[in-house]
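Take a look at the structure set out below.
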Amino acid sequence: MIIPILKRIIWTLLLLLAQVAIFDQVHPWGYGAPLLCPLIVLTLPLGTSRSAALLWGFCSGFIADIFAGTAGISSAALTFIAFIQPPLLKSIADTEDTEEELRPSFTALGRWKYFRFIALLLLLHHVIYFALEGFSYFFLTDIAISMGVSYVASLILIIMIERVRNPKK
């Protein structure tokens with residue numbers, strides 16, 4: 001019981017360190033930055049309780065907010081996708097695959113289903129994140145471009161990380 005929690009804590013800290021130290025400094029074409037923090041919530045097993053998922057989302061977002069100086073934006077976006085993740089995972093997974101310990105991955109869900117799962121949750125995360133970050137309709141085109149660039153860069157990066165973590169299939 002304690003070993004999986006320690007592994008998840010180490011995984012979370014590594015992702016947060018990579019986000020703060022590397023990816024917050026990268027801005028493709030001068031817009032947006034790849035966001036790795038959603039991967040913390042994306043990889044939560046199906047059997048994770050709702051309160052534990054919300055706690056993982058909020059705490060990891062809070063730590064990201066502290067180091068990035070974003071004043072609750074990451075916390076709000078990650079908490080929202082932590083709330084949406086279990087029902088979305090159940091709806092995308094086959095009915096026979098919805099056991100308690102289903103861990104979202106390419107091997108568990110298959111390529112297309114997992115891609116849909118991460119693409120949809122990442123899109124929801126980015127819409128909330130950039131809506132709160134911009135908080136204005138005056139620069140709507142800049143916000144949309146930043147969101148689009150960040151979304152594509154994040155999606156590619158997350159798929160690459162997942163292919164390295166789960167090389168099977």
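As shown in the structure tokens, the chain order sets the letters A, B, ...; within each chain, residues go from 1, and ligands are also counted from 1 in the order they appear.
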Can you pull out every residue within 8 Å of Leu102 (chain A), counting only C-alpha atoms, but drop anything in the same chain fewer than 6 positions away, and send it as a short mmCIF file (atom, residue, chain, number, x, y, z; two decimals) with C-alpha atoms, in the first residue's frame?
```cif
data_model
loop_
_atom_site.label_atom_id
_atom_site.label_comp_id
_atom_site.auth_asym_id
_atom_site.auth_seq_id
_atom_site.Cartn_x
_atom_site.Cartn_y
_atom_site.Cartn_z
CA PRO A 45 -6.04 4.58 -11.41
CA LEU A 46 -9.78 4.16 -11.79
CA GLY A 47 -10.12 2.86 -8.22
CA ALA A 108 -4.62 -0.76 -20.70
#
```
query: Do you know which residues are at most 12 Å from Cys59 (chain A) counting only C-alpha atoms, after dropping those on the same chain fewer than 6 positions away, and could you put them as number ranges by chain?
result: A: 9, 12-13, 16, 37, 40-41, 51-53, 65-66, 72, 74-79, 82
query: With only C-alpha atoms as the basis for distance, which of A:Ser136, A:Thr43, A:Gln19, A:Ser60 is at the shortest distance from Leu89 (chain A)?
result: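 Going through A:Ser136, A:Thr43, A:Gln19, A:Ser60 one by one, the smallest distance to Leu89 (chain A) is for A:Thr43.
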message: I'd like to know which of A:Tyr114, A:Ser146, A:Ile161, A:Asp24 is closest to Phe67 (chain A), using only C-alpha atoms.
response: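 Looking at the shortest contact to Phe67 (chain A), the residue is A:Asp24.
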- request: If you run DSSP over the backbone, which residues in chain A end up alpha helix (DSSP H)? Put them as a PyMOL selection string.
  value: chain A and resi 2-18+38-42+50-68+73-92+106-109+111-134+140-165
Resulting file, chosen residues, C-alpha atoms, as a CSV table (one decimal), in the first residue's frame:
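Dumped to selection.csv:
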```csv
chain,number,residue,atom,x,y,z
A,2,ILE,CA,2.7,2.5,0.9
A,3,ILE,CA,5.0,1.6,-2.1
A,4,PRO,CA,2.5,2.8,-4.8
A,5,ILE,CA,1.9,6.0,-2.9
A,6,LEU,CA,5.6,6.7,-2.6
A,7,LYS,CA,6.0,5.9,-6.3
A,8,ARG,CA,3.2,8.4,-7.1
A,9,ILE,CA,4.7,11.1,-4.9
A,10,ILE,CA,8.1,10.7,-6.6
A,11,TRP,CA,6.5,10.7,-10.0
A,12,THR,CA,4.6,13.8,-9.1
A,13,LEU,CA,7.6,15.6,-7.8
A,14,LEU,CA,9.6,14.7,-10.9
A,15,LEU,CA,6.9,16.0,-13.2
A,16,LEU,CA,6.6,19.2,-11.1
A,17,LEU,CA,10.4,19.7,-11.1
A,18,ALA,CA,10.5,19.2,-14.9
A,38,PRO,CA,-2.1,17.2,-16.1
A,39,LEU,CA,-0.2,13.9,-16.5
A,40,ILE,CA,-0.3,13.6,-12.7
A,41,VAL,CA,-4.1,13.4,-12.8
A,42,LEU,CA,-4.3,11.6,-16.1
A,50,ARG,CA,-12.9,10.9,-5.6
A,51,SER,CA,-11.5,12.8,-2.5
A,52,ALA,CA,-8.0,11.4,-3.1
A,53,ALA,CA,-8.1,12.3,-6.8
A,54,LEU,CA,-9.2,15.9,-5.9
A,55,LEU,CA,-6.5,16.1,-3.3
A,56,TRP,CA,-3.8,14.9,-5.8
A,57,GLY,CA,-5.1,17.5,-8.3
A,58,PHE,CA,-5.2,20.3,-5.9
A,59,CYS,CA,-1.9,19.7,-4.1
A,60,SER,CA,0.1,19.2,-7.3
A,61,GLY,CA,-1.5,22.3,-8.8
A,62,PHE,CA,-0.8,24.2,-5.6
A,63,ILE,CA,2.9,23.3,-5.7
A,64,ALA,CA,3.0,24.3,-9.4
A,65,ASP,CA,1.3,27.6,-8.6
A,66,ILE,CA,3.8,28.4,-5.9
A,67,PHE,CA,6.8,27.9,-8.2
A,68,ALA,CA,5.3,29.4,-11.3
A,73,ILE,CA,-4.7,28.8,-11.8
A,74,SER,CA,-3.0,25.3,-11.9
A,75,SER,CA,-4.8,24.3,-8.7
A,76,ALA,CA,-8.2,25.1,-10.2
A,77,ALA,CA,-7.5,23.4,-13.6
A,78,LEU,CA,-6.0,20.3,-12.1
A,79,THR,CA,-8.7,20.0,-9.5
A,80,PHE,CA,-11.4,20.2,-12.2
A,81,ILE,CA,-9.8,17.5,-14.4
A,82,ALA,CA,-9.3,15.3,-11.2
A,83,PHE,CA,-13.1,15.6,-10.7
A,84,ILE,CA,-13.9,14.7,-14.4
A,85,GLN,CA,-11.2,12.0,-14.8
A,86,PRO,CA,-13.0,8.9,-13.2
A,87,PRO,CA,-16.4,9.2,-15.1
A,88,LEU,CA,-14.6,10.1,-18.3
A,89,LEU,CA,-12.3,7.1,-17.9
A,90,LYS,CA,-15.3,4.8,-17.3
A,91,SER,CA,-17.1,6.1,-20.3
A,92,ILE,CA,-14.1,5.6,-22.6
A,106,PHE,CA,-1.7,2.8,-24.0
A,107,THR,CA,-1.5,-0.8,-22.9
A,108,ALA,CA,-4.6,-0.8,-20.7
A,109,LEU,CA,-7.0,1.2,-23.0
A,111,ARG,CA,-3.9,3.5,-28.5
A,112,TRP,CA,-7.0,5.2,-29.8
A,113,LYS,CA,-9.0,5.2,-26.6
A,114,TYR,CA,-6.1,6.4,-24.5
A,115,PHE,CA,-5.3,9.2,-27.0
A,116,ARG,CA,-9.0,10.3,-26.9
A,117,PHE,CA,-8.8,10.2,-23.1
A,118,ILE,CA,-5.7,12.3,-22.7
A,119,ALA,CA,-6.7,14.7,-25.6
A,120,LEU,CA,-10.1,15.4,-24.0
A,121,LEU,CA,-8.8,15.9,-20.5
A,122,LEU,CA,-5.9,18.0,-21.7
A,123,LEU,CA,-8.2,20.1,-23.7
A,124,LEU,CA,-10.5,20.7,-20.7
A,125,HIS,CA,-7.4,21.5,-18.6
A,126,HIS,CA,-6.1,24.0,-21.1
A,127,VAL,CA,-9.4,25.8,-21.6
A,128,ILE,CA,-9.8,26.3,-17.9
A,129,TYR,CA,-6.1,27.2,-17.4
A,130,PHE,CA,-5.9,29.8,-20.1
A,131,ALA,CA,-9.4,31.2,-19.4
A,132,LEU,CA,-8.3,31.9,-15.9
A,133,GLU,CA,-4.8,33.1,-16.9
A,134,GLY,CA,-6.1,35.5,-19.5
A,140,LEU,CA,-8.9,36.6,-27.1
A,141,THR,CA,-6.8,35.8,-30.1
A,142,ASP,CA,-3.5,35.8,-28.1
A,143,ILE,CA,-5.1,33.6,-25.5
A,144,ALA,CA,-6.5,31.2,-28.1
A,145,ILE,CA,-3.1,31.0,-29.9
A,146,SER,CA,-1.3,30.4,-26.6
A,147,MET,CA,-3.8,27.7,-25.6
A,148,GLY,CA,-3.5,26.0,-29.0
A,149,VAL,CA,0.3,26.0,-29.0
A,150,SER,CA,0.5,24.8,-25.4
A,151,TYR,CA,-2.1,22.1,-26.0
A,152,VAL,CA,-0.4,20.7,-29.1
A,153,ALA,CA,3.1,20.8,-27.4
A,154,SER,CA,1.7,19.3,-24.2
A,155,LEU,CA,-0.1,16.5,-26.0
A,156,ILE,CA,3.0,15.6,-28.0
A,157,LEU,CA,5.2,15.7,-24.9
A,158,ILE,CA,2.7,13.6,-22.8
A,159,ILE,CA,2.4,11.0,-25.6
A,160,MET,CA,6.2,10.8,-25.8
A,161,ILE,CA,6.5,10.4,-22.0
A,162,GLU,CA,3.8,7.7,-22.0
A,163,ARG,CA,5.4,5.8,-24.8
A,164,VAL,CA,8.7,5.7,-22.8
A,165,ARG,CA,6.9,4.8,-19.5
```
message: Would you compute the distance between CA of Thr48 (chain A) and CA of Gly69 (chain A)? Give it in Å to one decimal.
response: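 Separating CA of Thr48 (chain A) from CA of Gly69 (chain A) is a distance of 29.1 Å.
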